[in-house]
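Heads up, structure-v6.csv below (CSV, C-alpha atoms):
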chain,number,residue,atom,x,y,z
A,1,MET,CA,74.8,87.7,50.4
A,2,PRO,CA,76.7,88.0,53.7
A,3,GLY,CA,76.0,91.1,55.7
A,4,TYR,CA,79.6,92.2,55.3
A,5,LEU,CA,82.3,91.1,52.9
A,6,ALA,CA,85.9,92.3,52.8
A,7,ILE,CA,88.5,91.1,50.4
A,8,VAL,CA,92.2,92.0,50.6
A,9,ALA,CA,94.7,90.7,48.2
A,10,GLY,CA,98.3,91.3,47.2
A,11,LYS,CA,101.9,90.0,47.2
A,12,ASP,CA,103.0,91.8,50.3
A,13,GLU,CA,101.9,89.5,53.1
A,14,PHE,CA,102.4,92.2,55.8
A,15,LEU,CA,100.2,94.8,54.1
A,16,VAL,CA,97.5,92.3,53.3
A,17,ASP,CA,97.4,90.9,56.8
A,18,ARG,CA,97.4,94.3,58.4
A,19,ASP,CA,94.4,95.5,56.4
A,20,ALA,CA,92.5,92.3,56.7
A,21,ARG,CA,92.9,92.3,60.5
A,22,ALA,CA,91.5,95.9,60.6
A,23,PHE,CA,88.4,94.7,58.7
A,24,TYR,CA,88.0,91.7,60.9
A,25,ASP,CA,88.2,93.8,64.1
A,26,GLN,CA,85.8,96.2,62.6
A,27,ALA,CA,83.3,93.4,61.7
A,28,ARG,CA,83.7,91.9,65.2
A,29,ALA,CA,82.9,95.3,66.8
A,30,ALA,CA,79.8,95.7,64.6
A,31,ALA,CA,78.6,92.2,65.3
A,32,GLY,CA,78.6,92.7,69.1
A,33,ALA,CA,80.0,90.8,72.1
A,34,GLU,CA,77.7,87.8,71.5
A,35,ALA,CA,79.0,87.1,68.0
A,36,ASP,CA,81.0,84.0,67.1
A,37,ALA,CA,84.3,85.0,65.6
A,38,GLU,CA,86.8,82.7,64.0
A,39,ILE,CA,90.0,82.9,62.1
A,40,MET,CA,90.5,80.0,59.6
A,41,ALA,CA,93.8,79.2,57.9
A,42,GLY,CA,93.3,79.2,54.1
A,43,THR,CA,96.8,78.0,53.0
A,44,ILE,CA,97.1,74.9,50.9
A,45,LEU,CA,100.4,73.0,50.6
A,46,ARG,CA,99.0,70.2,48.6
A,47,VAL,CA,96.1,70.0,46.2
A,48,ASP,CA,94.2,67.7,48.6
A,49,ASP,CA,94.2,70.5,51.2
A,50,ALA,CA,91.7,72.5,49.2
A,51,THR,CA,88.8,70.1,49.7
A,52,SER,CA,89.1,69.9,53.5
A,53,ILE,CA,89.4,73.7,53.8
A,54,GLU,CA,86.4,74.2,51.5
A,55,ALA,CA,84.3,71.8,53.6
A,56,ARG,CA,85.2,73.4,56.8
A,57,PHE,CA,84.6,76.9,55.4
A,58,VAL,CA,81.1,76.0,54.0
A,59,GLU,CA,80.2,74.3,57.3
A,60,THR,CA,81.3,77.3,59.4
A,61,VAL,CA,79.5,79.8,57.2
A,62,ASN,CA,76.2,77.8,57.3
A,63,THR,CA,76.2,76.9,61.0
A,64,ARG,CA,73.8,79.1,63.0
A,65,SER,CA,74.7,80.2,66.5
A,66,MET,CA,72.8,78.4,69.3
A,67,PHE,CA,72.0,81.8,70.8
A,68,GLY,CA,71.1,83.6,67.6
A,69,GLY,CA,74.2,85.8,67.5
A,70,LYS,CA,76.0,86.9,64.4
A,71,ARG,CA,79.1,85.1,63.0
A,72,VAL,CA,82.4,86.7,61.8
A,73,LEU,CA,84.8,84.6,59.8
A,74,TRP,CA,88.3,85.5,58.5
A,75,LEU,CA,89.7,83.2,55.9
A,76,ARG,CA,93.4,84.1,56.3
A,77,ASN,CA,96.5,83.6,54.1
A,78,PHE,CA,94.3,82.3,51.3
A,79,ASN,CA,96.8,81.3,48.6
A,80,TRP,CA,94.4,79.6,46.1
A,81,VAL,CA,94.8,82.5,43.7
A,82,ALA,CA,98.6,82.5,43.6
A,83,ASP,CA,100.8,81.6,40.7
A,84,THR,CA,101.6,78.1,41.9
A,85,VAL,CA,101.2,74.5,40.6
A,86,GLN,CA,98.6,73.8,43.3
A,87,SER,CA,96.4,76.8,42.5
A,88,ARG,CA,96.5,76.1,38.8
A,89,SER,CA,95.2,72.5,39.3
A,90,GLU,CA,91.6,71.8,38.2
A,91,GLU,CA,90.8,70.3,41.6
A,92,VAL,CA,91.7,73.5,43.4
A,93,LYS,CA,89.9,75.6,40.8
A,94,ALA,CA,86.7,73.6,41.4
A,95,SER,CA,87.0,73.9,45.2
A,96,LEU,CA,87.6,77.6,44.8
A,97,ALA,CA,84.4,78.0,42.7
A,98,ARG,CA,82.3,76.2,45.3
A,99,LEU,CA,83.9,78.2,48.2
A,100,LEU,CA,83.2,81.5,46.5
A,101,GLU,CA,79.6,80.4,45.8
A,102,ALA,CA,79.2,79.7,49.5
A,103,VAL,CA,80.4,83.2,50.2
A,104,THR,CA,77.7,84.8,48.0
A,105,GLU,CA,75.0,82.5,49.4
A,106,ALA,CA,75.9,83.3,53.1
A,107,GLU,CA,73.1,84.7,55.3
A,108,PRO,CA,73.0,88.4,56.2
A,109,ASP,CA,74.0,87.7,59.8
A,110,VAL,CA,77.4,86.5,58.6
A,111,ALA,CA,80.5,88.7,58.1
A,112,ILE,CA,83.3,87.3,55.9
A,113,VAL,CA,86.9,88.6,55.5
A,114,ILE,CA,89.2,87.0,52.9
A,115,SER,CA,92.9,87.8,52.8
A,116,ALA,CA,94.7,86.4,49.7
A,117,THR,CA,98.4,86.3,49.5
A,118,PRO,CA,100.5,85.8,47.4
A,119,TYR,CA,98.1,87.0,44.7
A,120,ASP,CA,98.4,86.5,40.9
A,121,GLY,CA,96.9,89.6,39.4
A,122,ARG,CA,95.9,87.7,36.3
A,123,ARG,CA,93.3,85.7,38.2
A,124,LYS,CA,89.8,87.2,38.3
A,125,ASP,CA,88.2,84.8,40.8
A,126,LEU,CA,88.2,87.3,43.7
A,127,ALA,CA,87.8,90.4,41.4
A,128,ASN,CA,84.4,89.0,40.3
A,129,LEU,CA,83.2,89.7,43.9
A,130,LYS,CA,84.4,93.3,43.9
A,131,SER,CA,80.9,94.7,43.0
A,132,VAL,CA,79.3,93.0,46.0
A,133,ALA,CA,82.0,93.4,48.6
A,134,GLN,CA,81.9,96.3,51.1
A,135,GLU,CA,85.7,96.4,51.1
A,136,PHE,CA,87.9,95.4,48.2
A,137,VAL,CA,91.6,96.2,48.5
A,138,LEU,CA,94.2,95.1,46.0
A,139,HIS,CA,97.8,96.0,46.9
A,140,SER,CA,99.9,96.5,43.8
A,141,PRO,CA,103.3,94.7,43.9
A,142,ALA,CA,106.3,96.7,45.1
A,143,ALA,CA,108.6,98.1,42.4
A,144,LYS,CA,111.7,96.1,41.7
A,145,SER,CA,113.7,99.4,41.8
A,146,PRO,CA,112.1,101.6,44.5
A,147,PHE,CA,111.8,105.3,43.8
A,148,GLY,CA,112.4,104.9,40.1
A,149,GLY,CA,109.0,106.3,39.4
A,150,ASP,CA,105.6,106.8,41.1
A,151,ASP,CA,105.9,104.2,43.9
A,152,PRO,CA,103.5,104.9,46.7
A,153,GLN,CA,104.4,101.7,48.5
A,154,ALA,CA,108.0,102.7,48.8
A,155,GLU,CA,107.0,106.1,50.2
A,156,MET,CA,104.7,104.4,52.7
A,157,GLN,CA,107.5,102.0,53.7
A,158,VAL,CA,109.9,104.8,54.2
A,159,GLY,CA,107.4,106.4,56.6
A,160,LEU,CA,107.0,103.1,58.5
A,161,ALA,CA,110.8,102.6,58.7
A,162,THR,CA,111.3,106.2,60.0
A,163,GLN,CA,108.6,105.8,62.7
A,164,HIS,CA,109.9,102.4,63.7
A,165,LEU,CA,113.5,103.5,64.0
A,166,LYS,CA,112.5,106.5,66.2
A,167,SER,CA,110.4,104.2,68.4
A,168,LEU,CA,113.4,102.0,68.9
A,169,GLY,CA,115.4,104.9,70.2
A,170,VAL,CA,118.2,105.2,67.7
A,171,LYS,CA,119.5,108.1,65.7
A,172,PHE,CA,119.9,107.8,61.9
A,173,ASP,CA,121.0,109.7,58.9
A,174,ARG,CA,118.4,111.1,56.5
A,175,ALA,CA,119.2,108.4,53.9
A,176,VAL,CA,118.9,105.4,56.2
A,177,PRO,CA,115.1,104.7,55.9
A,178,GLU,CA,115.3,105.0,52.1
A,179,ALA,CA,118.4,102.7,52.0
A,180,ILE,CA,116.5,100.0,53.9
A,181,VAL,CA,113.5,100.2,51.6
A,182,ALA,CA,115.8,100.1,48.6
A,183,ARG,CA,117.3,96.9,49.9
A,184,VAL,CA,114.2,95.0,51.0
A,185,GLY,CA,111.3,97.1,49.9
A,186,GLN,CA,109.5,94.2,48.2
A,187,SER,CA,108.6,93.0,51.7
A,188,THR,CA,107.2,95.5,54.2
A,189,ARG,CA,107.7,92.9,57.0
A,190,LEU,CA,111.4,92.7,56.1
A,191,VAL,CA,111.6,96.5,56.2
A,192,LEU,CA,110.5,96.5,59.9
A,193,VAL,CA,112.6,93.4,60.8
A,194,GLU,CA,115.7,95.0,59.4
A,195,CYS,CA,115.0,98.2,61.3
A,196,GLU,CA,115.0,96.2,64.5
A,197,LYS,CA,118.2,94.4,63.5
A,198,LEU,CA,119.9,97.7,62.8
A,199,ALA,CA,118.7,99.2,66.1
A,200,ASN,CA,120.2,96.2,68.0
A,201,TYR,CA,123.4,96.8,66.1
A,202,ALA,CA,123.5,100.5,67.0
A,203,GLY,CA,122.4,100.0,70.6
A,204,PRO,CA,120.3,102.3,72.8
A,205,GLY,CA,121.0,105.9,71.8
A,206,GLY,CA,123.3,104.8,69.0
A,207,ALA,CA,123.5,106.2,65.4
A,208,LEU,CA,123.1,104.5,62.0
A,209,THR,CA,124.5,105.6,58.7
A,210,GLU,CA,123.7,104.5,55.1
A,211,ALA,CA,126.9,102.6,55.1
A,212,ASP,CA,125.6,100.5,58.0
A,213,VAL,CA,122.5,99.6,56.1
A,214,LEU,CA,124.4,98.5,53.0
A,215,LEU,CA,126.8,96.5,55.1
A,216,LEU,CA,124.3,94.7,57.3
A,217,VAL,CA,121.1,94.4,55.2
A,218,PRO,CA,121.2,91.9,52.4
A,219,PRO,CA,119.3,92.7,49.2
A,220,PHE,CA,115.9,91.1,48.8
A,221,GLY,CA,114.3,90.2,45.4
A,222,ASP,CA,115.6,91.4,42.0
A,223,GLY,CA,116.9,94.8,42.8
A,224,ASP,CA,119.7,96.6,40.9
A,225,PHE,CA,121.1,98.2,44.0
A,226,PHE,CA,124.9,98.2,44.2
A,227,GLU,CA,126.7,99.3,47.4
A,228,PRO,CA,129.9,100.4,45.6
A,229,ILE,CA,128.0,103.1,43.7
A,230,GLU,CA,126.8,104.6,47.0
A,231,ALA,CA,130.3,104.5,48.4
A,232,LEU,CA,131.6,106.2,45.3
A,233,ALA,CA,128.8,108.8,45.6
A,234,ALA,CA,129.7,109.4,49.3
A,235,ARG,CA,133.4,109.8,48.2
A,236,ASP,CA,134.5,107.4,50.9
A,237,LEU,CA,137.6,105.5,50.0
A,238,LYS,CA,137.6,102.9,52.9
A,239,TRP,CA,133.9,102.1,52.3
A,240,GLY,CA,134.4,102.0,48.6
A,241,LEU,CA,137.3,99.4,48.7
A,242,ALA,CA,135.4,97.3,51.3
A,243,SER,CA,132.3,97.3,49.2
A,244,LEU,CA,134.3,96.1,46.1
A,245,ASP,CA,135.6,93.2,48.2
A,246,ARG,CA,132.0,92.2,49.0
A,247,TYR,CA,130.9,92.8,45.4
A,248,PHE,CA,133.6,90.7,43.8
A,249,PHE,CA,133.2,88.0,46.4
A,250,ASN,CA,129.9,87.2,44.9
A,251,GLU,CA,130.3,88.4,41.3
A,252,SER,CA,133.0,87.7,38.7
A,253,SER,CA,131.9,90.3,36.2
A,254,ALA,CA,132.1,94.1,36.7
A,255,ARG,CA,129.7,94.8,33.8
A,256,PRO,CA,126.4,95.0,35.8
A,257,LEU,CA,128.1,97.4,38.3
A,258,LEU,CA,129.6,99.5,35.5
A,259,SER,CA,126.3,99.8,33.7
A,260,ALA,CA,124.5,101.0,36.8
A,261,LEU,CA,127.4,103.4,37.6
A,262,GLN,CA,127.2,104.9,34.1
A,263,ASN,CA,123.5,105.5,34.5
A,264,ARG,CA,124.1,107.3,37.8
A,265,LEU,CA,126.9,109.3,36.3
A,266,ARG,CA,124.8,110.5,33.4
A,267,LEU,CA,122.3,111.9,35.8
A,268,LEU,CA,125.1,113.4,38.0
A,269,ILE,CA,126.7,115.2,35.0
A,270,GLN,CA,123.4,116.8,34.1
A,271,ILE,CA,122.9,117.9,37.8
A,272,ARG,CA,126.4,119.3,38.0
A,273,CYS,CA,125.9,121.3,34.8
A,274,LEU,CA,122.7,122.8,36.3
A,275,VAL,CA,124.6,123.6,39.5
A,276,ASP,CA,127.4,125.3,37.6
A,277,SER,CA,124.8,127.3,35.6
A,278,GLY,CA,123.2,128.5,38.8
A,279,ASP,CA,119.9,126.6,38.3
A,280,PHE,CA,120.5,124.2,41.2
A,281,ARG,CA,122.0,124.8,44.7
A,282,VAL,CA,123.1,121.4,45.8
A,283,THR,CA,124.5,120.3,49.2
A,284,THR,CA,125.6,116.9,50.6
A,285,ALA,CA,121.9,116.6,51.7
A,286,GLY,CA,120.7,117.0,48.1
A,287,LEU,CA,118.4,119.5,46.5
A,288,SER,CA,116.0,121.5,48.6
A,289,LYS,CA,112.3,121.2,47.8
A,290,GLY,CA,111.0,122.9,44.7
A,291,GLN,CA,114.3,123.2,42.8
A,292,PHE,CA,113.8,120.2,40.6
A,293,GLU,CA,110.3,121.3,39.6
A,294,THR,CA,111.4,124.8,38.8
A,295,ALA,CA,114.4,123.7,36.7
A,296,SER,CA,112.1,121.1,34.9
A,297,GLY,CA,109.7,123.8,33.8
A,298,ARG,CA,112.6,126.0,32.5
A,299,HIS,CA,114.8,123.3,30.9
A,300,GLY,CA,112.6,120.2,30.5
A,301,PRO,CA,111.8,120.7,26.8
A,302,THR,CA,115.5,121.1,26.0
A,303,PHE,CA,116.3,117.7,27.5
A,304,GLY,CA,113.9,116.0,25.0
A,305,SER,CA,111.3,113.3,25.4
A,306,ALA,CA,109.6,112.7,28.8
A,307,ALA,CA,110.2,108.9,28.3
A,308,LYS,CA,112.2,107.7,31.3
A,309,SER,CA,115.9,107.6,30.6
A,310,SER,CA,119.1,108.3,32.4
A,311,ALA,CA,119.9,110.6,29.5
A,312,ASN,CA,117.0,112.8,30.6
A,313,LEU,CA,117.3,114.1,34.1
A,314,PHE,CA,113.7,115.5,34.2
A,315,SER,CA,112.2,112.1,33.3
A,316,GLN,CA,113.3,110.8,36.8
A,317,ASN,CA,111.4,110.6,40.1
A,318,VAL,CA,111.7,113.9,42.0
A,319,TRP,CA,112.6,112.2,45.3
A,320,TYR,CA,115.2,109.9,43.8
A,321,ILE,CA,117.0,112.8,42.1
A,322,SER,CA,116.7,115.3,45.0
A,323,ASN,CA,117.7,112.9,47.8
A,324,LYS,CA,119.5,109.9,46.4
A,325,VAL,CA,121.5,111.2,43.4
A,326,ALA,CA,122.1,114.9,43.9
A,327,PRO,CA,124.2,114.8,47.1
A,328,ALA,CA,127.1,113.3,45.1
A,329,ALA,CA,127.1,116.4,42.8
A,330,ALA,CA,128.2,118.5,45.8
A,331,ARG,CA,131.2,116.2,46.2
A,332,TYR,CA,132.4,116.1,42.6
A,333,SER,CA,133.3,118.7,40.0
A,334,LEU,CA,132.0,118.4,36.4
A,335,ALA,CA,135.5,117.4,35.2
A,336,GLU,CA,135.8,114.6,37.8
A,337,LEU,CA,132.4,113.2,36.8
A,338,VAL,CA,133.3,113.3,33.1
A,339,ASP,CA,136.6,111.5,33.9
A,340,LEU,CA,134.7,108.8,35.8
A,341,GLN,CA,132.3,108.3,32.9
A,342,LEU,CA,135.3,107.9,30.5
A,343,ALA,CA,137.0,105.5,33.0
A,344,CYS,CA,133.9,103.3,33.0
A,345,ALA,CA,134.4,102.9,29.2
A,346,ASP,CA,138.0,101.8,29.9
A,347,CYS,CA,136.8,99.3,32.5
A,348,PHE,CA,134.5,97.8,29.9
A,349,ASP,CA,137.5,97.3,27.6
A,350,ALA,CA,139.4,95.8,30.5
A,351,SER,CA,136.5,93.4,31.2
A,352,ASN,CA,137.0,92.0,27.7
A,353,ARG,CA,140.5,91.1,28.8
A,354,GLY,CA,139.3,89.5,32.1
A,355,GLU,CA,140.6,92.3,34.2
A,356,ASP,CA,137.3,93.2,35.8
A,357,GLU,CA,138.3,93.6,39.5
A,358,SER,CA,141.7,95.2,39.0
A,359,SER,CA,140.3,97.8,36.6
A,360,VAL,CA,137.4,98.8,38.8
A,361,ARG,CA,139.7,99.1,41.9
A,362,ALA,CA,141.9,101.4,39.9
A,363,LEU,CA,138.9,103.5,39.0
A,364,PHE,CA,137.9,103.8,42.6
A,365,LEU,CA,141.4,104.6,43.8
A,366,ARG,CA,141.8,107.4,41.2
A,367,ALA,CA,138.4,108.9,42.0
A,368,LEU,CA,138.5,108.6,45.8
A,369,ALA,CA,142.2,109.0,46.7
A,370,VAL,CA,142.9,112.1,44.5
A,371,ARG,CA,140.9,115.3,44.1
A,372,ARG,CA,141.3,117.4,40.9
For the file at hand, write its structure as structure tokens.
Amino acid sequence: MPGYLAIVAGKDEFLVDRDARAFYDQARAAAGAEADAEIMAGTILRVDDATSIEARFVETVNTRSMFGGKRVLWLRNFNWVADTVQSRSEEVKASLARLLEAVTEAEPDVAIVISATPYDGRRKDLANLKSVAQEFVLHSPAAKSPFGGDDPQAEMQVGLATQHLKSLGVKFDRAVPEAIVARVGQSTRLVLVECEKLANYAGPGGALTEADVLLLVPPFGDGDFFEPIEALAARDLKWGLASLDRYFFNESSARPLLSALQNRLRLLIQIRCLVDSGDFRVTTAGLSKGQFETASGRHGPTFGSAAKSSANLFSQNVWYISNKVAPAAARYSLAELVDLQLACADCFDASNRGEDESSVRALFLRALAVRR
């Protein structure tokens, strides 16, 4: 067995590379200044690439240093265990088996780091080495809808975005880091790249709002994040109408938007009821810490099953309710929220007649231009 073996795998290339580099630097420091250190690319584009990478890896692992020093090898961006046509081929599987056998047969003076991305969690090739590896890190994939439940990756990304925006010298609203993660949170690298893009847009000492994020940052992956809903929640008429222009430029049907809006309204109606009963004190910044947990203990059983549903406020993520949903409850009365929910049903009927855009625009104008 090698003297040190570290395996890092996952779909988020930034996180995998970050952790693998830390292990590689740690192994180099432990091996001393006389050690031979090498980073080897493990990416295959064609099936034939596997054989040449395998041969080079085995040769590097088995070659002894002329001066008797230790050897440190990082096999980087190893995509042989991804869900691709190449990785599923019998030739690549055979090369992978021989390569991993060479890993287990390496001499004790060799340190090996393998970073595998993208990673198919159904594959057990690397997992079989977990018991013999000093470090084995498997990053779970990012949630398609951040903050919908326990999502430590999203919370970590919010922290990174917050630190990065501060380091870039811009001011930003409380919701900006969360909005960036909601847009591109399936890629940590994109989160940081979009922070830099927004900072350039704001300029030194400038300020960023959530509306800036939704305007400038395109959605990444399969999210269900709709800008018009955030504009409606902010009770911003200009932003709302502009966001509908962008939505209907790409979409012909209002149904996905209406479904998401109804889910948000169900939660807002419940929050507003608890505000009016005195259980919540809500502001445009949301709920202060501890209110949600206290109300959950008092009223949770009344709301029914703990199964996640927009019909049960207390089945939702605490951060999501307190910071993302609740601020709108400070801007709308219960009567206005109920009217919006009924208006959504009318818009579904209008959609059956092919009047998607005009009916949704009318809904926004009634809600944002007139207060009850």
Please tabulate, as a tab-separated table, the residues of segment 17-70 of chain A that come within 6 Å of segment 75-78 of chain A, each with its closest pair of atoms and the distance in Å to one decimal, counting only C-alpha atoms and ordering rows by chain, then residue number upward.
residue	atom	partner	partner_atom	distance
A:Met40	CA	A:Leu75	CA	5.0
A:Ala41	CA	A:Arg76	CA	5.2
A:Gly42	CA	A:Phe78	CA	4.3
A:Thr43	CA	A:Phe78	CA	5.3
Item to complete: Neighbourhood query: residues within 9 Å of (117.7, 103.6, 49.2), file coordinates, counting all atoms listed in the file; return as number ranges by chain.
Response: A: 146-147, 175-183, 210, 225, 320, 324
Practice prompt. Can you pull out every residue within 10 Å of Leu337 of chain A, counting only C-alpha atoms, but drop anything in the same chain fewer than 4 positions away, and send it as a VMD selection string?
Written response: chain A and resid 265 to 266 268 to 269 272 328 to 329 331 to 333 341 to 343 367
Write the selection just made, keeping C-alpha atoms, as a PDB file, in the coordinates of the input?
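Full text of out-v9.pdb as output:
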ATOM      1  CA  LEU A 265     126.900 109.300  36.300  1.00  0.00           C
ATOM      2  CA  ARG A 266     124.800 110.500  33.400  1.00  0.00           C
ATOM      3  CA  LEU A 268     125.100 113.400  38.000  1.00  0.00           C
ATOM      4  CA  ILE A 269     126.700 115.200  35.000  1.00  0.00           C
ATOM      5  CA  ARG A 272     126.400 119.300  38.000  1.00  0.00           C
ATOM      6  CA  ALA A 328     127.100 113.300  45.100  1.00  0.00           C
ATOM      7  CA  ALA A 329     127.100 116.400  42.800  1.00  0.00           C
ATOM      8  CA  ARG A 331     131.200 116.200  46.200  1.00  0.00           C
ATOM      9  CA  TYR A 332     132.400 116.100  42.600  1.00  0.00           C
ATOM     10  CA  SER A 333     133.300 118.700  40.000  1.00  0.00           C
ATOM     11  CA  GLN A 341     132.300 108.300  32.900  1.00  0.00           C
ATOM     12  CA  LEU A 342     135.300 107.900  30.500  1.00  0.00           C
ATOM     13  CA  ALA A 343     137.000 105.500  33.000  1.00  0.00           C
ATOM     14  CA  ALA A 367     138.400 108.900  42.000  1.00  0.00           C
TER      15      ALA A 367
END
Discussion item. List as a list in words the protein and nucleic acid residues near Arg21 of chain A, meaning an atom at most 10 Å away when all atoms listed in the file are counted, but skip any in the same chain fewer than 4 places from it.
Written reply: Val8, Val16, Asp17, Asp25, Gln26, Ala27, Ile39, Trp74, Arg76, Val113, Ile114 and Ser115 of chain A
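Proximity to Asp173 of chain A at 8 Å, evaluated using only C-alpha atoms and with sequence-adjacent residues fewer than 4 positions away removed, yields Ala207, Leu208, Thr209 and Glu210 of chain A.
Proximity of A:Gly278, A:Gly205, A:Pro108, A:Gly10 to Arg123 of chain A, computed with all atoms listed in the file, is greatest for A:Gly10.
Of the listed residues A:Gly32, A:Gly286, A:Gly159, A:Gly354, the one whose atoms come nearest to Ala330 of chain A is A:Gly286, with distances taken using all atoms listed in the file.
What separates atom CA of Phe220 of chain A from atom CA of Val184 of chain A is a distance of 4.8 Å.
Between atom CA of Ser253 of chain A and atom CA of Gln316 of chain A the separation is 27.7 Å.
Taking atom CA of Val85 of chain A as the reference point, atom CA of Val61 of chain A is found at 27.8 Å.
Within a radius of 7 Å around (107.5, 99.9, 53.1), the polymer residues are Gln153, Ala154, Glu155, Met156, Gln157, Val158, Leu160, Val181, Gly185, Thr188 and Val191 of chain A, counting only C-alpha atoms.
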Worksheet item: For Asp245 of chain A, which residue among A:Ser358, A:Gln186, A:Ser87, A:Thr63 is the nearest when counting all atoms listed in the file?
Response: A:Ser358
Worksheet item: Any idea what's packed within 12 Å of Tyr119 of chain A, counting only C-alpha atoms, ignoring anything in its chain fewer than 3 positions away? Could you give it as a VMD selection string?
Response: chain A and resid 7 to 13 16 77 to 84 87 115 to 116 122 to 127 137 to 141
Item to complete: Find the residues around Cys344 of chain A up to 8 Å (all atoms listed in the file counted), leave out those fewer than 6 positions away in its own chain, and share them as a PyMOL selection string.
Response: chain A and resi 258+261-262+363
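Ranking A:Val370, A:Ala6, A:Ala20, A:Ala102 by their shortest atom-to-atom distance to Thr117 of chain A, with all atoms listed in the file included, puts A:Ala20 first.
For the residues A:Ala31, A:Ala254, A:Ile112, A:Cys273, ranking by smallest atom-to-atom distance to Ser359 of chain A using only C-alpha atoms places A:Ala254 first.
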